[in-house]
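Contents: one structure, followed by commentary.
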Amino acid sequence: MSLPLEGVQVLDMSQIMAGPYCTMVLADMGADVIKIEKIKGGDDSRQMGPFVEGESTCFMQINRNKRSVALNLKDEAVREIFYDMARQSDIVVENYRPGVTQSLAVDYETLRKINPGLIYCSISGYGQSGPYRNKGGFDLVAQGATGLMSMTGEPGGRPLKTGVAVYDIGAGITALYSILAAYIHRQKTGEGQHVDVAISECGIPWFTWEAAAYFAEGREPHADGWRHRVSAPYQSLATRNGYLVLGCANQRTWERFCEDVVTRPEWIQDPRFLTNSDRKAHIEVLEPLIEAELAKEDTAFWIQRCDAAGVPAGPINRFSEMLADPHYVARGMVQQFDHPTVGLVKTLGFASKFSATPQQIRRPSPLLGQHTDEVLHAFGMDDERIATLRDRGVVGP
């Protein structure tokens with residue numbers, strides 16, 4: 001079965017998370033992703049535990065469907081090999097600090113002379129321009145600098161980071177859709193281009209409701225804890241044996257909740273709760289009233305009632321409970337592959353489902369340099385030349 005990006009050649013010089021997530025999805029969609037790793041240690045995530053049979057499970061989770069080639073790009077002869085590879089490739093992804101690719105002579109301006117149609121994506125902390133371009137940037141730093149941590153947590157509490165690396169993955173997703181847009185542009189014009197993605201910027205366009213309030217009224221967003229800053233009730237709520245999340249995002253769902261779930265139709269006409277704005281303004285009153293009703297039954301009972309009434313609600317699952325949920329299992333959100341050292345490895349599935357070209361795990365995550373000879377042969381190198389470079393220590397295992 002063909003895949004949507006079958007025949008697309010990608011050189012991946014990125015490591016850790018943002019770049020590798022981007023190139024993993026490209027590979028899941030059929031692109032041939034060649035991961036260029038440094039000879040000693042490879043991708044830095046290979047040193048991140050937990051480990052099984054000496055192999056990093058962190059690395060395994062984000063590098064499936066790729067081939068690994070270990071090269072020392074500081075060596076002139078190896079760079080010539082890389083240039084040959086770039087000449088025959090469609091996309092390059094890198095996440096060095098700005099200036100490093102220029103020092104290695106593998107930057108966009110160098111490679112575009114070799115391949116004018118090349119799409120070259122740089123992912124960095126603060127982007128390729130601006131006063132912060134030379135600063136190192138990480139997900140956590142970006143969460144603080146862009147205001148996200150000031151909005152996360154409980155009012156008056158310590159600023160909190162999100163539970164997952166949203167900016168690293170967000171930068172990978174931003175790079176992904178930008179690369180695909182540039183690829184479509186190249187199909188129309190033959191023209192390649194440089195795509196500049198900053199980890200510290202990728203999340204800023206997500207602050208839509210916050211921007212609406214600030215630009216309209218100068219209202220600074222702050223931490224709302226378990227509540228939503230605009231809608232009410234749209235939050236977590238206590239039940240008899242735990243919590244659920246309830247999403248009354250419009251008037252109709254609020255009315256259904258009052259009438260068909262908790263059987264308190266008088267709340268609909270209560271002047272404090274007439275509109276969403278009223279409910280938000282009086283949430284300190286409304287919340288304990290709702291929780292007094294929910295305290296009469298367990299979480300599962302209320303979710304069943306909400307489902308029957310068409311009111312969005314759900315449990316607050318642990319990660320293990322989500323993975324075991326029959327819905328996500330049926331949707332293929334747990335996959336597996338056979339690793340050459342570790343054996344059977346479970347991994348997360350695909351976020352999008354294609355009716356004609358479904359994504360596949362075609363390869364396990366690679367060992368360091370596992371495909372070096374295979375790839376170099378494919379780009380025209382013979383065994384003698386590979387052996388000579390390996391003896392010099394500039395081509396890895």
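Just so we're on the same page: first chain in the structure tokens is A, next is B, and so on; residues restart at 1 for each chain, and ligands are numbered from 1 in the order they show up.
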
All residues 8 Å or closer to Leu368 of chain A, only C-alpha atoms, same chain fewer than 2 positions away omitted, as a PyMOL selection string: chain A and resi 37+41-42+68-70+366+370+397

Contacts of segment 48-56 of chain A at 12 Å or less, counting only C-alpha atoms, minus same-chain residues fewer than 4 places along, as a PDB file with C-alpha atoms, in the first residue's frame?
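So the final result, stored in around-v2.pdb, reads:
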ATOM      1  CA  ILE A  16      16.226  15.267  21.105  1.00  0.00           C
ATOM      2  CA  MET A  17      12.507  16.037  20.498  1.00  0.00           C
ATOM      3  CA  GLY A  41      26.830   8.881  21.117  1.00  0.00           C
ATOM      4  CA  GLY A  42      24.540   9.861  18.268  1.00  0.00           C
ATOM      5  CA  ASP A  43      21.359  11.767  19.025  1.00  0.00           C
ATOM      6  CA  ASP A  44      21.625  13.053  22.618  1.00  0.00           C
ATOM      7  CA  MET A  60      12.842   4.595  20.454  1.00  0.00           C
ATOM      8  CA  GLN A  61       9.572   6.440  20.956  1.00  0.00           C
ATOM      9  CA  ILE A  62      10.366   9.267  18.540  1.00  0.00           C
ATOM     10  CA  ASN A  63      12.636   7.758  15.871  1.00  0.00           C
ATOM     11  CA  HIS A 339      13.513  -3.744  17.711  1.00  0.00           C
ATOM     12  CA  PRO A 340      16.784  -5.491  16.705  1.00  0.00           C
ATOM     13  CA  THR A 341      18.145  -5.411  20.280  1.00  0.00           C
ATOM     14  CA  VAL A 342      15.183  -4.973  22.613  1.00  0.00           C
ATOM     15  CA  GLY A 343      12.590  -7.080  20.832  1.00  0.00           C
ATOM     16  CA  LEU A 344       8.925  -6.085  20.932  1.00  0.00           C
ATOM     17  CA  VAL A 345       8.496  -2.365  21.750  1.00  0.00           C
ATOM     18  CA  SER A 365      13.883   2.917  15.680  1.00  0.00           C
ATOM     19  CA  PRO A 366      17.432   2.393  14.388  1.00  0.00           C
ATOM     20  CA  LEU A 367      20.607   1.470  16.217  1.00  0.00           C
ATOM     21  CA  LEU A 368      23.301   4.148  15.984  1.00  0.00           C
TER      22      LEU A 368
END

With only C-alpha atoms as the counted atoms, please give the residues lying no more than 9 Å from Leu176 of chain A, apart from itself and same-chain residues fewer than 4 positions off, as a PyMOL selection string. chain A and resi 21-23+25-26+171-172+180-181

Take the selection from the previous step and output its residues with C-alpha atoms, as a compact mmCIF listing (two decimals), in the first residue's frame.
# COMPACT_ATOMS: atom_id res chain seq x y z
CA TYR A 21 9.05 14.42 16.19
CA CYS A 22 8.64 16.32 12.91
CA THR A 23 10.72 13.83 10.93
CA VAL A 25 5.67 12.00 11.30
CA LEU A 26 7.17 12.61 7.86
CA ALA A 171 7.62 23.18 17.28
CA GLY A 172 7.75 19.76 15.62
CA LEU A 180 4.52 20.37 3.73
CA ALA A 181 3.33 23.83 2.65

Identify which of the residues A:Val141, A:Glu255, A:Arg67, A:Arg229 lies closest to Gln269 of chain A, counting only C-alpha atoms when measuring atom-to-atom distances. A:Glu255

From the set A:Gln9, A:Ser103, A:Asn72, A:Ser129, which residue has the shortest atom-to-atom contact distance to Val197 of chain A, counting only C-alpha atoms? A:Ser129

Could you list, as a PyMOL selection string, every residue within 9 Å of segment 143-157 of chain A, counting only C-alpha atoms and ignoring same-chain residues fewer than 2 positions away? chain A and resi 138-141+159-162+166-167+200-201+203-204+207+221-226

Export of prior selection with N, CA and C atoms as a short mmCIF file (atom, residue, chain, number, x, y, z; two decimals), in the first residue's frame:
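Output below, filename part-v4.cif:
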data_model
loop_
_atom_site.label_atom_id
_atom_site.label_comp_id
_atom_site.auth_asym_id
_atom_site.auth_seq_id
_atom_site.Cartn_x
_atom_site.Cartn_y
_atom_site.Cartn_z
N PHE A 138 14.92 26.05 25.34
CA PHE A 138 14.32 24.75 25.63
C PHE A 138 12.83 24.93 25.91
N ASP A 139 12.10 23.85 25.87
CA ASP A 139 10.66 23.87 26.08
C ASP A 139 10.30 24.61 27.37
N LEU A 140 10.95 24.26 28.46
CA LEU A 140 10.63 24.87 29.76
C LEU A 140 10.86 26.37 29.74
N VAL A 141 11.98 26.80 29.16
CA VAL A 141 12.30 28.23 29.08
C VAL A 141 11.25 28.95 28.25
N PRO A 159 3.97 29.36 39.62
CA PRO A 159 3.80 29.10 38.19
C PRO A 159 4.16 27.64 37.87
N LEU A 160 3.34 26.99 37.08
CA LEU A 160 3.53 25.58 36.77
C LEU A 160 3.76 25.38 35.28
N LYS A 161 4.62 24.43 34.96
CA LYS A 161 4.77 24.01 33.57
C LYS A 161 3.66 23.03 33.23
N THR A 162 3.47 22.80 31.95
CA THR A 162 2.49 21.80 31.53
C THR A 162 3.02 20.40 31.79
N VAL A 166 4.94 20.69 25.62
CA VAL A 166 4.05 21.18 24.57
C VAL A 166 4.78 22.01 23.52
N TYR A 167 5.79 22.78 23.92
CA TYR A 167 6.47 23.62 22.95
C TYR A 167 7.43 22.82 22.07
N SER A 200 10.26 28.99 20.89
CA SER A 200 9.67 30.01 21.75
C SER A 200 8.48 30.73 21.12
N GLU A 201 8.28 30.57 19.81
CA GLU A 201 7.18 31.24 19.13
C GLU A 201 6.03 30.32 18.77
N GLY A 203 4.05 28.37 20.21
CA GLY A 203 2.83 28.35 21.02
C GLY A 203 2.10 29.66 21.10
N ILE A 204 2.75 30.77 20.71
CA ILE A 204 2.11 32.07 20.86
C ILE A 204 0.81 32.17 20.06
N PHE A 207 -2.64 31.25 21.78
CA PHE A 207 -3.27 32.04 22.85
C PHE A 207 -4.40 32.90 22.28
N PRO A 221 -4.08 37.74 31.00
CA PRO A 221 -4.48 36.39 31.39
C PRO A 221 -3.72 35.93 32.63
N HIS A 222 -4.38 35.12 33.44
CA HIS A 222 -3.76 34.62 34.66
C HIS A 222 -4.15 33.16 34.85
N ALA A 223 -3.59 32.54 35.85
CA ALA A 223 -3.86 31.13 36.12
C ALA A 223 -5.29 30.95 36.62
N ASP A 224 -6.05 30.08 35.96
CA ASP A 224 -7.42 29.81 36.35
C ASP A 224 -7.60 28.42 36.94
N GLY A 225 -6.49 27.70 37.12
CA GLY A 225 -6.58 26.39 37.76
C GLY A 225 -7.44 25.43 36.99
N TRP A 226 -8.47 24.92 37.64
CA TRP A 226 -9.32 23.89 37.03
C TRP A 226 -10.45 24.49 36.20
#

Skip segment 302-310 of chain A itself and residues of its chain fewer than 6 positions away, then list as a list in words all residues within 10 Å of it, counting only C-alpha atoms. Thr239, Arg240, Leu244, Val245, Leu246, Arg252, Thr253, Arg256, Phe257, Glu259, Asp260, Val261, Val262, Leu294, Ala295 and Lys296 of chain A

Could those residues be written to a file, using C-alpha atoms, as a JSON list (two decimals), in the first residue's frame?
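After the write, part.json holds the following:
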[["chain", "number", "residue", "atom", "x", "y", "z"],
["A", 239, "THR", "CA", -18.06, 13.78, 42.42],
["A", 240, "ARG", "CA", -18.74, 11.28, 45.19],
["A", 244, "LEU", "CA", -14.88, 14.52, 36.11],
["A", 245, "VAL", "CA", -14.49, 17.23, 33.47],
["A", 246, "LEU", "CA", -17.63, 19.00, 32.30],
["A", 252, "ARG", "CA", -27.86, 24.48, 24.95],
["A", 253, "THR", "CA", -25.44, 22.14, 26.73],
["A", 256, "ARG", "CA", -29.38, 20.04, 29.02],
["A", 257, "PHE", "CA", -27.08, 19.66, 32.00],
["A", 259, "GLU", "CA", -32.65, 19.61, 32.97],
["A", 260, "ASP", "CA", -31.46, 16.11, 32.08],
["A", 261, "VAL", "CA", -28.33, 15.47, 34.14],
["A", 262, "VAL", "CA", -28.71, 17.02, 37.61],
["A", 294, "LEU", "CA", -22.44, 15.55, 41.87],
["A", 295, "ALA", "CA", -21.48, 14.41, 45.39],
["A", 296, "LYS", "CA", -24.61, 12.23, 45.43]]

When you look at segment 357-363 of chain A with a cut-off of 8 Å (counting only C-alpha atoms), what residues show up, excluding the ones that are within fewer than 2 positions of it in the same chain? I need them as a list in words. Met1, Ser2, Leu3, Pro4, Asp28, Met29, Gly30, Arg64, Asn65, Lys66, Phe337, Phe350, Lys353, Phe354, Ser355, Ser365 and Pro366 of chain A

Quick one: write out the picked residues with N, CA and C atoms as an mmCIF file, in the first residue's frame?
data_model
loop_
_atom_site.group_PDB
_atom_site.id
_atom_site.type_symbol
_atom_site.label_atom_id
_atom_site.label_comp_id
_atom_site.auth_asym_id
_atom_site.auth_seq_id
_atom_site.Cartn_x
_atom_site.Cartn_y
_atom_site.Cartn_z
ATOM 1 N N MET A 1 0.841 -1.189 0.000
ATOM 2 C CA MET A 1 0.000 0.000 0.000
ATOM 3 C C MET A 1 0.885 1.251 0.000
ATOM 4 N N SER A 2 0.599 2.202 -0.902
ATOM 5 C CA SER A 2 1.405 3.406 -0.984
ATOM 6 C C SER A 2 1.083 4.341 0.178
ATOM 7 N N LEU A 3 2.033 5.211 0.468
ATOM 8 C CA LEU A 3 1.882 6.202 1.526
ATOM 9 C C LEU A 3 1.967 7.601 0.906
ATOM 10 N N PRO A 4 1.367 8.616 1.541
ATOM 11 C CA PRO A 4 1.272 9.935 0.896
ATOM 12 C C PRO A 4 2.608 10.592 0.572
ATOM 13 N N ASP A 28 6.434 8.442 9.113
ATOM 14 C CA ASP A 28 5.181 7.683 9.244
ATOM 15 C C ASP A 28 4.331 7.832 7.998
ATOM 16 N N MET A 29 4.424 8.980 7.349
ATOM 17 C CA MET A 29 3.635 9.250 6.148
ATOM 18 C C MET A 29 4.325 8.761 4.876
ATOM 19 N N GLY A 30 5.462 8.102 5.033
ATOM 20 C CA GLY A 30 6.081 7.451 3.883
ATOM 21 C C GLY A 30 7.396 8.016 3.413
ATOM 22 N N ARG A 64 11.103 6.045 15.111
ATOM 23 C CA ARG A 64 10.712 4.914 14.265
ATOM 24 C C ARG A 64 10.705 5.339 12.795
ATOM 25 N N ASN A 65 10.735 4.344 11.932
ATOM 26 C CA ASN A 65 10.621 4.539 10.477
ATOM 27 C C ASN A 65 11.769 5.335 9.871
ATOM 28 N N LYS A 66 12.901 5.466 10.595
ATOM 29 C CA LYS A 66 14.054 6.199 10.080
ATOM 30 C C LYS A 66 15.245 5.265 9.901
ATOM 31 N N PHE A 337 6.526 -2.360 17.522
ATOM 32 C CA PHE A 337 7.470 -2.769 16.480
ATOM 33 C C PHE A 337 8.515 -3.687 17.105
ATOM 34 N N PHE A 350 -0.881 6.840 15.636
ATOM 35 C CA PHE A 350 -0.904 7.985 14.730
ATOM 36 C C PHE A 350 -2.103 8.883 15.045
ATOM 37 N N LYS A 353 -5.886 9.717 10.775
ATOM 38 C CA LYS A 353 -6.245 8.475 10.108
ATOM 39 C C LYS A 353 -6.543 8.777 8.643
ATOM 40 N N PHE A 354 -5.818 8.125 7.712
ATOM 41 C CA PHE A 354 -5.999 8.329 6.273
ATOM 42 C C PHE A 354 -6.835 7.180 5.706
ATOM 43 N N SER A 355 -7.868 7.507 4.952
ATOM 44 C CA SER A 355 -8.721 6.449 4.413
ATOM 45 C C SER A 355 -8.040 5.680 3.287
ATOM 46 N N SER A 365 12.867 1.880 15.474
ATOM 47 C CA SER A 365 13.883 2.917 15.680
ATOM 48 C C SER A 365 15.256 2.288 15.446
ATOM 49 N N PRO A 366 16.167 3.009 14.792
ATOM 50 C CA PRO A 366 17.432 2.393 14.388
ATOM 51 C C PRO A 366 18.486 2.377 15.486
#

Write out as a PyMOL selection string which residues come within 8 Å of Lys280 of chain A when counting only C-alpha atoms, dropping same-chain ones fewer than 5 positions away. chain A and resi 230-233

How about saving the chosen residues, N, CA and C atoms kept, as a JSON list (two decimals), in the first residue's frame?
[["chain", "number", "residue", "atom", "x", "y", "z"],
["A", 230, "VAL", "N", -13.10, 31.68, 30.04],
["A", 230, "VAL", "CA", -14.22, 32.30, 29.33],
["A", 230, "VAL", "C", -15.53, 31.59, 29.60],
["A", 231, "SER", "N", -15.54, 30.26, 29.52],
["A", 231, "SER", "CA", -16.77, 29.50, 29.62],
["A", 231, "SER", "C", -16.99, 28.95, 31.02],
["A", 232, "ALA", "N", -18.27, 28.76, 31.39],
["A", 232, "ALA", "CA", -18.60, 28.19, 32.70],
["A", 232, "ALA", "C", -19.98, 27.53, 32.63],
["A", 233, "PRO", "N", -20.13, 26.34, 33.22],
["A", 233, "PRO", "CA", -19.04, 25.52, 33.79],
["A", 233, "PRO", "C", -18.29, 24.76, 32.70]]

List every residue of segment 171-205 of chain A that DSSP, applied to the backbone of this structure, places in strand (DSSP E), and write the result as a PyMOL selection string. chain A and resi 193-198

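Using only C-alpha atoms, the shortest contact distance between Glu297 of chain A and any of A:Arg79, A:Ser236, A:Tyr214, A:Tyr243 is found at A:Tyr243.
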
Using DSSP secondary structure from the backbone, list all alpha helix (DSSP H) positions within segment 43-231 of chain A, as a PyMOL selection string. chain A and resi 57-62+76-87+100-104+108-114+139-145+148-151+166-189+199-202+208-217

Saved selection, atoms kept: C-alpha atoms, as a short mmCIF file (atom, residue, chain, number, x, y, z; two decimals), in the first residue's frame:
data_model
loop_
_atom_site.label_atom_id
_atom_site.label_comp_id
_atom_site.auth_asym_id
_atom_site.auth_seq_id
_atom_site.Cartn_x
_atom_site.Cartn_y
_atom_site.Cartn_z
CA THR A 57 13.43 3.95 25.26
CA CYS A 58 13.10 7.75 24.89
CA PHE A 59 14.96 7.55 21.59
CA MET A 60 12.84 4.59 20.45
CA GLN A 61 9.57 6.44 20.96
CA ILE A 62 10.37 9.27 18.54
CA GLU A 76 35.73 17.71 4.51
CA ALA A 77 35.47 14.36 2.72
CA VAL A 78 32.38 13.45 4.74
CA ARG A 79 30.81 16.81 3.95
CA GLU A 80 31.24 16.03 0.26
CA ILE A 81 29.26 12.85 0.84
CA PHE A 82 26.60 14.88 2.64
CA TYR A 83 26.48 17.29 -0.30
CA ASP A 84 25.84 14.36 -2.63
CA MET A 85 22.99 13.29 -0.37
CA ALA A 86 21.57 16.83 -0.21
CA ARG A 87 21.72 17.09 -4.00
CA VAL A 100 26.56 26.14 13.81
CA THR A 101 25.42 24.95 10.38
CA GLN A 102 27.39 27.82 8.80
CA SER A 103 30.52 26.73 10.67
CA LEU A 104 29.97 23.18 9.38
CA TYR A 108 20.81 26.62 3.77
CA GLU A 109 22.80 29.10 1.67
CA THR A 110 25.47 26.47 1.03
CA LEU A 111 23.04 23.66 0.22
CA ARG A 112 20.72 25.75 -1.97
CA LYS A 113 23.64 26.25 -4.39
CA ILE A 114 23.82 22.46 -4.67
CA ASP A 139 10.66 23.87 26.08
CA LEU A 140 10.63 24.87 29.76
CA VAL A 141 12.30 28.23 29.08
CA ALA A 142 9.80 28.93 26.30
CA GLN A 143 6.87 28.13 28.59
CA GLY A 144 8.14 30.73 31.03
CA ALA A 145 9.16 33.41 28.53
CA LEU A 148 2.26 30.12 29.42
CA MET A 149 3.44 29.35 32.94
CA SER A 150 1.72 32.49 34.23
CA MET A 151 -1.55 31.00 32.97
CA VAL A 166 4.05 21.18 24.57
CA TYR A 167 6.47 23.62 22.95
CA ASP A 168 8.92 20.96 21.77
CA ILE A 169 6.12 18.92 20.22
CA GLY A 170 4.43 22.12 19.06
CA ALA A 171 7.62 23.18 17.28
CA GLY A 172 7.75 19.76 15.62
CA ILE A 173 4.15 20.10 14.44
CA THR A 174 4.75 23.68 13.26
CA ALA A 175 7.81 22.53 11.33
CA LEU A 176 5.82 19.65 9.87
CA TYR A 177 2.97 21.69 8.39
CA SER A 178 5.38 24.42 7.26
CA ILE A 179 7.56 21.87 5.44
CA LEU A 180 4.52 20.37 3.73
CA ALA A 181 3.33 23.83 2.65
CA ALA A 182 6.80 24.58 1.26
CA TYR A 183 6.75 21.22 -0.53
CA ILE A 184 3.43 22.08 -2.18
CA HIS A 185 4.88 25.46 -3.19
CA ARG A 186 7.86 23.67 -4.74
CA GLN A 187 5.56 21.36 -6.68
CA LYS A 188 3.96 24.46 -8.21
CA THR A 189 7.09 26.52 -8.83
CA ILE A 199 10.37 26.81 19.81
CA SER A 200 9.67 30.01 21.75
CA GLU A 201 7.18 31.24 19.13
CA CYS A 202 5.28 28.14 18.09
CA THR A 208 -6.42 33.00 20.95
CA TRP A 209 -8.87 33.67 23.79
CA GLU A 210 -6.12 35.34 25.79
CA ALA A 211 -5.30 37.64 22.85
CA ALA A 212 -8.99 38.46 22.41
CA ALA A 213 -9.27 39.67 26.01
CA TYR A 214 -5.96 41.49 26.03
CA PHE A 215 -6.24 43.29 22.69
CA ALA A 216 -9.87 44.26 23.33
CA GLU A 217 -9.75 45.22 27.01
#

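Distance-wise, atom CA of Gln335 of chain A and atom CA of Gly7 of chain A end up 24.1 Å apart.
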